[in-house]
Structure formats: C-alpha cells, structure tokens
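**Student:** Before anything else, here's the structure in question.
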Amino acid sequence: MNDTLFMVLGALAAAAAGLWAWRRWHPASFWYGIGFPMRAALVYLTWRHVASGCGLTRHRRRWRWSLDAVPVVGSAARNAATVVEHKRRMRRVDVERAPRLGVLRPTRLGWRMRVRLHDGQVPADYERAAEGIAHAWRVHSVRVVDVGPGVVTLWATMRDPLTEVTVTPETGELLTVRPGKLENGADWVIDFRTVPHWLIAGATQSGKSNLANVIIKGLAPQPLALVGFDLKGGVEFTPYRPRLSALATTRAECVALLGDLVAELERRMAVCREHGARNVWGLPADLRPVPVVLLVDEVAELFLMADKSEKDEVAKTATALLRVAQLGRAFAVYLIVCGQRIGSDLGPGVTALRAQLSGRVCHRVNDPETATMTLGDMDPAALDAARAIPAETPGVCVTAGQDGSWHRARSVYVGEAGAEQAARDHAHLTPAWAEVTGSSVAVLRPDVPDAA
Ligand SMILES: Nc1ncnc2c1ncn2[C@@H]1O[C@H](COP(=O)(O)OP(=O)(O)OP(=O)(O)O)[C@@H](O)[C@H]1O
Ligand SMILES: [Mg+2]
C-alpha cells in the first residue's frame, strides 16, 4: 500500500519536474502544448461570468423547464389553508446570454478570438470592456482588432512584449524600415510608399532621436537620398553626415535646401507629365528619380522666431515644407518630422503641415493636449495608452497609420554608434545633393528598383 503511494507521489513529482523543465527550457512549445490548451479551457468555461461582469451579456426570453409553486386546496388540506406543491413546467424565463465566442487561436504571446456581437452592440462596447476582460483573464492587455460586420476579434497578450525589443531595422525592401515591435508581438514596419510622411512627437528623452536613428540605420543600405535638418546645431545628425546627401543646421540652410527640393519636385512633376505617369513609380525604370527621405529633428526650432525680422524666413520655410509634404507622396520625397509639440502655437502653417503628416508616432508626453494633437481624434483608448507611457521605458510609443488603427510599439535601441557605423558602411550609396536636385538627366538612377 505504502509502495503504491510512494510510486504515485514519485510519478507526480517527476511529472511536475518535467513540466517545470519543459517550461523553463522550451517556453514556446510549452505554451502551445500545455499553457494554451489550459488557458483556452478556462476562457471558454468562464466566458459567461466574464462577459456578465464586463456588461457584455444580454437578457433574452427563452423557454425553460422551471419549478413552479402551485397552491393546492384539496381534501388533505381541508383543515389547513392551502398547500403549496412544486411542479415542473415549461415557461418563458429571462436568461443572460454571453456573446458567442469563436475558436481561440494561439499567438506567440497570447491568443486571439472572434466574438459575435449581440444585436445593438458596437465595437466600442468591447473597447470599453477590454480592460476588465484583461483583469478577469489575468493577462497584460486585451485589444479589439479586426472589426468586421457583426464581429470583433479580441487579442489577448499575456505579458508586455515591449520590455525588450530586438529587431533589425533593415528590411531589404525599398522605402521600408522595421523600427521595432508592436504590442501584439508583430514587427513594427514603416512603409513610406503606404504612409509617406510621419510625425514623431514626444517629451524630451522619450526616444524621438533614437527612432530617427533607427530609421536612418534601416534606410542607409537602400538606394535613396537622406537629408537631415538638425537645428540643434547639428549635434544629432552630424555623425551620420557620410550617408546624408545634405545636412542643414541653420534655418537659412533649411530654406535653401527646401528651395532646391521644391524645384526638384516641380522637375519630377514635369517628367511624369511628359510620360503620362501619375507618379514616379509609373515612370520607366531608367527615368525614375532617386527617392528622398527628409528628416527634421526638433521642428519647433524651424518655426520659432526671436524677433520680427525672422518672420519672412519662417513663413518661407513653412510654405516650402508644406509644398514638399503635399507633392512628396507622388514624387518620392518623404518627410519625417520630430518634435516635442507640434501645435498651432508654433505659428501659421503648422496645422496644415501636421494634417499632411498622416503617419503618427506619439512617445511619452507631458500633457494630454500633446497626445491629442499628435494622434488627432483617434480612439480615446489610444490617447489613454499614450498618456500612460512611463518615463522609464523610453522608445515606447503609440503609432497610427492612416487607416485609423493604432498600436503600442517600441523602437529598438540603436545607439548613436550603431547608426554612425551604418552611415559609414553605406557612405558609397550617398547621392550628391547636386545629383538629387540637378537636371532631370542627372537624377536618373537606373538602380532604383521597381516599386509598383
Ligand atoms: N527604444 C529605446 N530603447 C531603450 N532605450 C531607449 C530607446 N529610445 C531611447 N532610449 C534611451 O532614451 C534616451 C533618450 O532618447 P532620445 O535621445 O531618442 O530622446 P529624445 O526624445 O530625442 O530627447 P530630446 O528631446 O532630449 O532630444 C537615449 O539616450 C536612450 O538611452
Ligand atoms: Mg532628440
């Protein structure tokens, strides 16, 4: 008897140790083999309670067998008043119905599942309930993604994937960089041909310049021209000079470079018109001009004026920048504008410029208005997420493209040395500024791949 007990205990201990070791040494297969099925069972078993607690259930009238109390007055009860007899009966009763769950599908850091909305529910109801569901499931976060007619997909993430980010910014595809990771564990990819212009906002030390470094590192191996505007005296971008076709460190230089760029845009426009192309990607490969990515660090410096005499220069800069933004998409000039705060208080023209920058990245901010200013009138949950970014995680941001979806993300840390090395390694790819903005013959770059 004792032997059997010892054997059972020994087997249990061995199994527990085995499971512990499995989890310790191969967490991914442990998750798919053991962790996820257990979680899935728990989610299905508790969904009614969770949905009810989060206010997602609906009351429906359903036929049910129920116990009814029937008063009986009979001979046996002649002396008593009445006797109550319990009887089973079919009758319509109120029942609480949870929204129907689809199949739980495992992801690397959690799971996702479709939920069918009750009549009258909208995805916003689930966005409001998401935090409650996350607490009920004991996971890091639950997000509503992929909204379809009558269904939403809930995406649960068990732990914050943004504590450590290791990705390579280089994607090998023209005008595409991989700055970091999204909260759902997927790579964060910026494709300038889909979203051409980006606004990167955040308080000081929130990770704006690091993101610019990552973008430079990712773009450096590609056949394109990088241009830097660094009005902090050039301290940020000067180390990357070997890979920059032009670098402006004063407003006068910015105005001159923007003038060149606008002239170049007009030239590209003329070439496209001549060849009946709507944009440079419609041109024959041997006529396609080199793409230009213009990075602006601390945009406020461009707009701030010490006295009235600078007013003209500021107005010129604002107009030229706006023109570049408006025409850039079709003619392969892309803008990345970084700043602590990009609001109308900087001067006229800033709001119009901001409207052109359809890609948004909001790092930690000091005040809610900056988040609203950067992310626009997006889902309030995006603004809450941006406001909740703690100071001890620089590089964490909320990013939104033009399709209205948003993600928490974090850029990979690329020290200045990393970006500097990339700039030096790919210095031979740097087209001269005269070549970029020269005559339309000089800008022909047969090595620019077809991006159609
Ligand atoms: N993605 C990241 N991961 C880890 N650390 C980061 C990340 N991004 C930035 N940091 C750290 O935060 C510091 C500040 O970052 P960064 O210089 O990019 O901020 P900033 O927003 O440009 O600040 P400022 O407004 O002062 O220029 C960096 O020195 C770096 O150590
Ligand atoms: Mg900076």
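So you can find residues: chains in the structure tokens are A, B, ... in the order shown, residues in each start at 1, and ligands are numbered from 1 in order.
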Give me, as a ChimeraX atom specification, all polymer residues having an atom no more than 10 Å from A:Arg39, counting only C-alpha atoms and skipping those fewer than 2 positions away in the same chain.
**Tutor:** /A:31,34-37,41-45,104,106,110-111,137
**Student:** How would the residues just chosen look if you wrote them out with N, CA and C atoms as a PDB file, in the first residue's frame?
**Tutor:**
ATOM      1  N   TRP A  31       4.098  26.522 -24.206  1.00  0.00           N
ATOM      2  CA  TRP A  31       2.912  27.368 -24.353  1.00  0.00           C
ATOM      3  C   TRP A  31       1.913  26.721 -25.301  1.00  0.00           C
ATOM      4  N   ILE A  34       0.874  22.953 -23.616  1.00  0.00           N
ATOM      5  CA  ILE A  34       0.205  22.838 -22.311  1.00  0.00           C
ATOM      6  C   ILE A  34      -0.491  24.142 -21.923  1.00  0.00           C
ATOM      7  N   GLY A  35       0.267  25.241 -21.978  1.00  0.00           N
ATOM      8  CA  GLY A  35      -0.248  26.515 -21.472  1.00  0.00           C
ATOM      9  C   GLY A  35      -1.499  26.958 -22.211  1.00  0.00           C
ATOM     10  N   PHE A  36      -1.408  26.969 -23.543  1.00  0.00           N
ATOM     11  CA  PHE A  36      -2.538  27.486 -24.300  1.00  0.00           C
ATOM     12  C   PHE A  36      -3.803  26.634 -24.146  1.00  0.00           C
ATOM     13  N   PRO A  37      -3.727  25.278 -24.274  1.00  0.00           N
ATOM     14  CA  PRO A  37      -4.964  24.497 -24.100  1.00  0.00           C
ATOM     15  C   PRO A  37      -5.614  24.738 -22.740  1.00  0.00           C
ATOM     16  N   ALA A  41      -9.334  26.379 -22.230  1.00  0.00           N
ATOM     17  CA  ALA A  41     -10.419  25.742 -21.480  1.00  0.00           C
ATOM     18  C   ALA A  41     -10.980  26.717 -20.449  1.00  0.00           C
ATOM     19  N   LEU A  42     -10.078  27.417 -19.779  1.00  0.00           N
ATOM     20  CA  LEU A  42     -10.501  28.358 -18.743  1.00  0.00           C
ATOM     21  C   LEU A  42     -11.324  29.510 -19.348  1.00  0.00           C
ATOM     22  N   VAL A  43     -10.878  30.000 -20.498  1.00  0.00           N
ATOM     23  CA  VAL A  43     -11.591  31.111 -21.140  1.00  0.00           C
ATOM     24  C   VAL A  43     -13.001  30.679 -21.511  1.00  0.00           C
ATOM     25  N   TYR A  44     -13.134  29.471 -22.118  1.00  0.00           N
ATOM     26  CA  TYR A  44     -14.474  29.020 -22.510  1.00  0.00           C
ATOM     27  C   TYR A  44     -15.353  28.788 -21.286  1.00  0.00           C
ATOM     28  N   LEU A  45     -14.760  28.183 -20.235  1.00  0.00           N
ATOM     29  CA  LEU A  45     -15.574  27.858 -19.063  1.00  0.00           C
ATOM     30  C   LEU A  45     -16.046  29.107 -18.324  1.00  0.00           C
ATOM     31  N   LEU A 104     -10.541  29.898 -30.241  1.00  0.00           N
ATOM     32  CA  LEU A 104      -9.357  30.581 -29.711  1.00  0.00           C
ATOM     33  C   LEU A 104      -8.143  30.147 -30.525  1.00  0.00           C
ATOM     34  N   PRO A 106      -3.992  30.366 -30.825  1.00  0.00           N
ATOM     35  CA  PRO A 106      -2.833  30.809 -30.048  1.00  0.00           C
ATOM     36  C   PRO A 106      -1.956  31.758 -30.848  1.00  0.00           C
ATOM     37  N   GLY A 110       0.030  35.058 -26.572  1.00  0.00           N
ATOM     38  CA  GLY A 110      -1.321  35.018 -26.025  1.00  0.00           C
ATOM     39  C   GLY A 110      -2.242  34.305 -26.990  1.00  0.00           C
ATOM     40  N   TRP A 111      -3.370  34.915 -27.262  1.00  0.00           N
ATOM     41  CA  TRP A 111      -4.303  34.287 -28.191  1.00  0.00           C
ATOM     42  C   TRP A 111      -5.207  35.360 -28.769  1.00  0.00           C
ATOM     43  N   TRP A 137      -9.015  37.767 -17.117  1.00  0.00           N
ATOM     44  CA  TRP A 137      -8.188  36.690 -17.680  1.00  0.00           C
ATOM     45  C   TRP A 137      -6.763  36.708 -17.126  1.00  0.00           C
TER      46      TRP A 137
END
**Student:** Residues of chain A within 7 Å of ligand 1: nearest atom pair and distance (Å, one decimal) for each, counting only C-alpha atoms and all ligand atoms, sorted by chain and number, as a Markdown table?
**Tutor:**
| residue | atom | partner | partner_atom_place_in_ligand_line | distance |
| --- | --- | --- | --- | --- |
| A:Gly202 | CA | ligand 1 | 21 (O) | 5.9 |
| A:Ala203 | CA | ligand 1 | 21 (O) | 6.0 |
| A:Thr204 | CA | ligand 1 | 25 (O) | 3.3 |
| A:Gln205 | CA | ligand 1 | 23 (O) | 3.4 |
| A:Ser206 | CA | ligand 1 | 21 (O) | 4.0 |
| A:Gly207 | CA | ligand 1 | 18 (O) | 3.2 |
| A:Lys208 | CA | ligand 1 | 21 (O) | 3.8 |
| A:Ser209 | CA | ligand 1 | 18 (O) | 3.6 |
| A:Asn210 | CA | ligand 1 | 18 (O) | 3.7 |
| A:Leu211 | CA | ligand 1 | 18 (O) | 6.4 |
| A:Gln340 | CA | ligand 1 | 25 (O) | 6.4 |
| A:Thr393 | CA | ligand 1 | 4 (C) | 6.7 |
| A:Pro394 | CA | ligand 1 | 6 (C) | 4.7 |
| A:Gly395 | CA | ligand 1 | 1 (N) | 3.6 |
| A:Val396 | CA | ligand 1 | 1 (N) | 6.5 |
| A:Arg410 | CA | ligand 1 | 1 (N) | 5.7 |
| A:Ser411 | CA | ligand 1 | 1 (N) | 4.1 |
| A:Val412 | CA | ligand 1 | 1 (N) | 4.5 |
| A:Tyr413 | CA | ligand 1 | 2 (C) | 4.2 |
**Student:** Set the distance at 12 Å and use only C-alpha atoms: which residues neighbour A:Glu313 once local chain neighbours fewer than 4 positions away are removed? I'd like the list as a list in words.
**Tutor:** Thr250, Arg251, Ala252, Glu253, Cys254, Val255, Ala256, Leu258, Gly259, Leu302, Phe303, Leu304, Met305, Ala306, Asp307, Lys308, Ser309, Thr317, Ala318, Thr319 and Ala320 of chain A
**Student:** Based on the selection just made, write C-alpha atoms of those residues as an mmCIF file, in the first residue's frame.
**Tutor:**
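The result, written out as out-v7.cif:
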data_model
loop_
_atom_site.group_PDB
_atom_site.id
_atom_site.type_symbol
_atom_site.label_atom_id
_atom_site.label_comp_id
_atom_site.auth_asym_id
_atom_site.auth_seq_id
_atom_site.Cartn_x
_atom_site.Cartn_y
_atom_site.Cartn_z
ATOM 1 C CA THR A 250 20.592 76.657 -39.566
ATOM 2 C CA ARG A 251 17.285 77.970 -40.764
ATOM 3 C CA ALA A 252 18.902 79.690 -43.742
ATOM 4 C CA GLU A 253 20.351 76.368 -44.878
ATOM 5 C CA CYS A 254 16.943 74.732 -44.441
ATOM 6 C CA VAL A 255 15.324 77.388 -46.603
ATOM 7 C CA ALA A 256 17.946 76.862 -49.315
ATOM 8 C CA LEU A 258 13.795 73.282 -49.257
ATOM 9 C CA GLY A 259 14.017 75.619 -52.267
ATOM 10 C CA LEU A 302 12.256 75.853 -37.592
ATOM 11 C CA PHE A 303 9.242 77.896 -36.592
ATOM 12 C CA LEU A 304 10.419 79.792 -33.537
ATOM 13 C CA MET A 305 11.381 83.388 -34.126
ATOM 14 C CA ALA A 306 13.416 85.549 -31.851
ATOM 15 C CA ASP A 307 12.196 88.773 -33.492
ATOM 16 C CA LYS A 308 10.088 90.100 -36.334
ATOM 17 C CA SER A 309 12.982 90.104 -38.799
ATOM 18 C CA THR A 317 10.186 77.572 -44.509
ATOM 19 C CA ALA A 318 6.625 76.722 -43.541
ATOM 20 C CA THR A 319 5.330 77.157 -47.084
ATOM 21 C CA ALA A 320 8.154 75.140 -48.636
#
**Student:** May I ask which of the residues A:Arg273, A:Glu298, A:Asn2, A:Glu420 is the closest one to A:Leu231, counting only C-alpha atoms?
**Tutor:**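 Smallest distance to A:Leu231 is found for A:Glu298.
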**Student:** Considering only C-alpha atoms and all ligand atoms, can you say which of A:Val165, A:Val235, A:Leu321, A:Ala14 comes closest to ligand 2?
**Tutor:**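 Of A:Val165, A:Val235, A:Leu321, A:Ala14, the one nearest ligand 2 is A:Val235, counting only C-alpha atoms and all ligand atoms.
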**Student:** My list of candidates is A:Asn213, A:Pro161, A:Ala17, A:Pro27. Which is closest to A:Phe237 when distances are computed with only C-alpha atoms?
**Tutor:**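 Using only C-alpha atoms, A:Phe237 sits closest to A:Asn213.
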**Student:** Near stretch 181-194 of chain A, within 8 Å and counting only C-alpha atoms, which residues show up once chain neighbours fewer than 5 positions away are dropped, as a list in words?
**Tutor:** Arg108, Leu109, Trp155, Thr157, Asp160, Pro161, Leu162, Val165, Val167, Leu175, Thr176, Arg329, Tyr334, His407, Arg408, Ala409, Arg410, Ser411 and Val412 of chain A
**Student:** Can I get the selected residues back with N, CA and C atoms, as a CSV table (one decimal), in the first residue's frame?
**Tutor:**
chain,number,residue,atom,x,y,z
A,108,ARG,N,2.0,33.9,-30.3
A,108,ARG,CA,3.2,33.7,-29.5
A,108,ARG,C,3.1,34.2,-28.1
A,109,LEU,N,2.4,35.3,-27.9
A,109,LEU,CA,2.3,35.9,-26.6
A,109,LEU,C,0.9,35.8,-26.0
A,155,TRP,N,-7.8,40.4,-28.9
A,155,TRP,CA,-6.4,39.9,-29.0
A,155,TRP,C,-5.8,40.1,-27.5
A,157,THR,N,-2.8,39.6,-24.8
A,157,THR,CA,-1.4,39.4,-24.7
A,157,THR,C,-1.0,39.2,-23.2
A,160,ASP,N,3.9,42.1,-21.4
A,160,ASP,CA,4.2,43.2,-22.2
A,160,ASP,C,5.4,42.8,-23.1
A,161,PRO,N,5.2,42.7,-24.4
A,161,PRO,CA,6.4,42.3,-25.3
A,161,PRO,C,7.3,43.5,-25.5
A,162,LEU,N,7.0,44.6,-24.9
A,162,LEU,CA,7.8,45.8,-25.3
A,162,LEU,C,8.9,46.0,-24.2
A,165,VAL,N,13.2,44.7,-26.8
A,165,VAL,CA,12.9,44.7,-28.3
A,165,VAL,C,14.2,44.4,-29.0
A,167,VAL,N,15.1,43.7,-32.9
A,167,VAL,CA,14.8,43.5,-34.3
A,167,VAL,C,15.9,44.2,-35.1
A,175,LEU,N,12.3,51.6,-49.3
A,175,LEU,CA,11.4,52.5,-48.6
A,175,LEU,C,10.6,51.9,-47.5
A,176,THR,N,11.2,50.8,-46.9
A,176,THR,CA,10.5,50.1,-45.8
A,176,THR,C,11.5,49.9,-44.7
A,329,ARG,N,4.4,62.7,-51.8
A,329,ARG,CA,3.9,61.4,-52.0
A,329,ARG,C,4.1,60.9,-53.4
A,334,TYR,N,9.9,62.0,-49.0
A,334,TYR,CA,9.2,61.6,-47.8
A,334,TYR,C,9.7,62.4,-46.6
A,407,HIS,N,-1.4,51.2,-32.6
A,407,HIS,CA,-0.7,50.1,-31.8
A,407,HIS,C,0.2,50.8,-30.8
A,408,ARG,N,0.4,50.1,-29.6
A,408,ARG,CA,1.5,50.4,-28.8
A,408,ARG,C,2.7,49.8,-29.4
A,409,ALA,N,3.8,50.5,-29.4
A,409,ALA,CA,5.0,49.9,-30.0
A,409,ALA,C,6.2,50.4,-29.3
A,410,ARG,N,7.4,49.8,-29.6
A,410,ARG,CA,8.6,50.3,-29.1
A,410,ARG,C,9.7,50.2,-30.1
A,411,SER,N,10.5,51.2,-30.2
A,411,SER,CA,11.6,51.2,-31.2
A,411,SER,C,12.7,50.4,-30.6
A,412,VAL,N,13.5,49.8,-31.5
A,412,VAL,CA,14.7,49.0,-31.0
A,412,VAL,C,15.8,50.1,-30.6
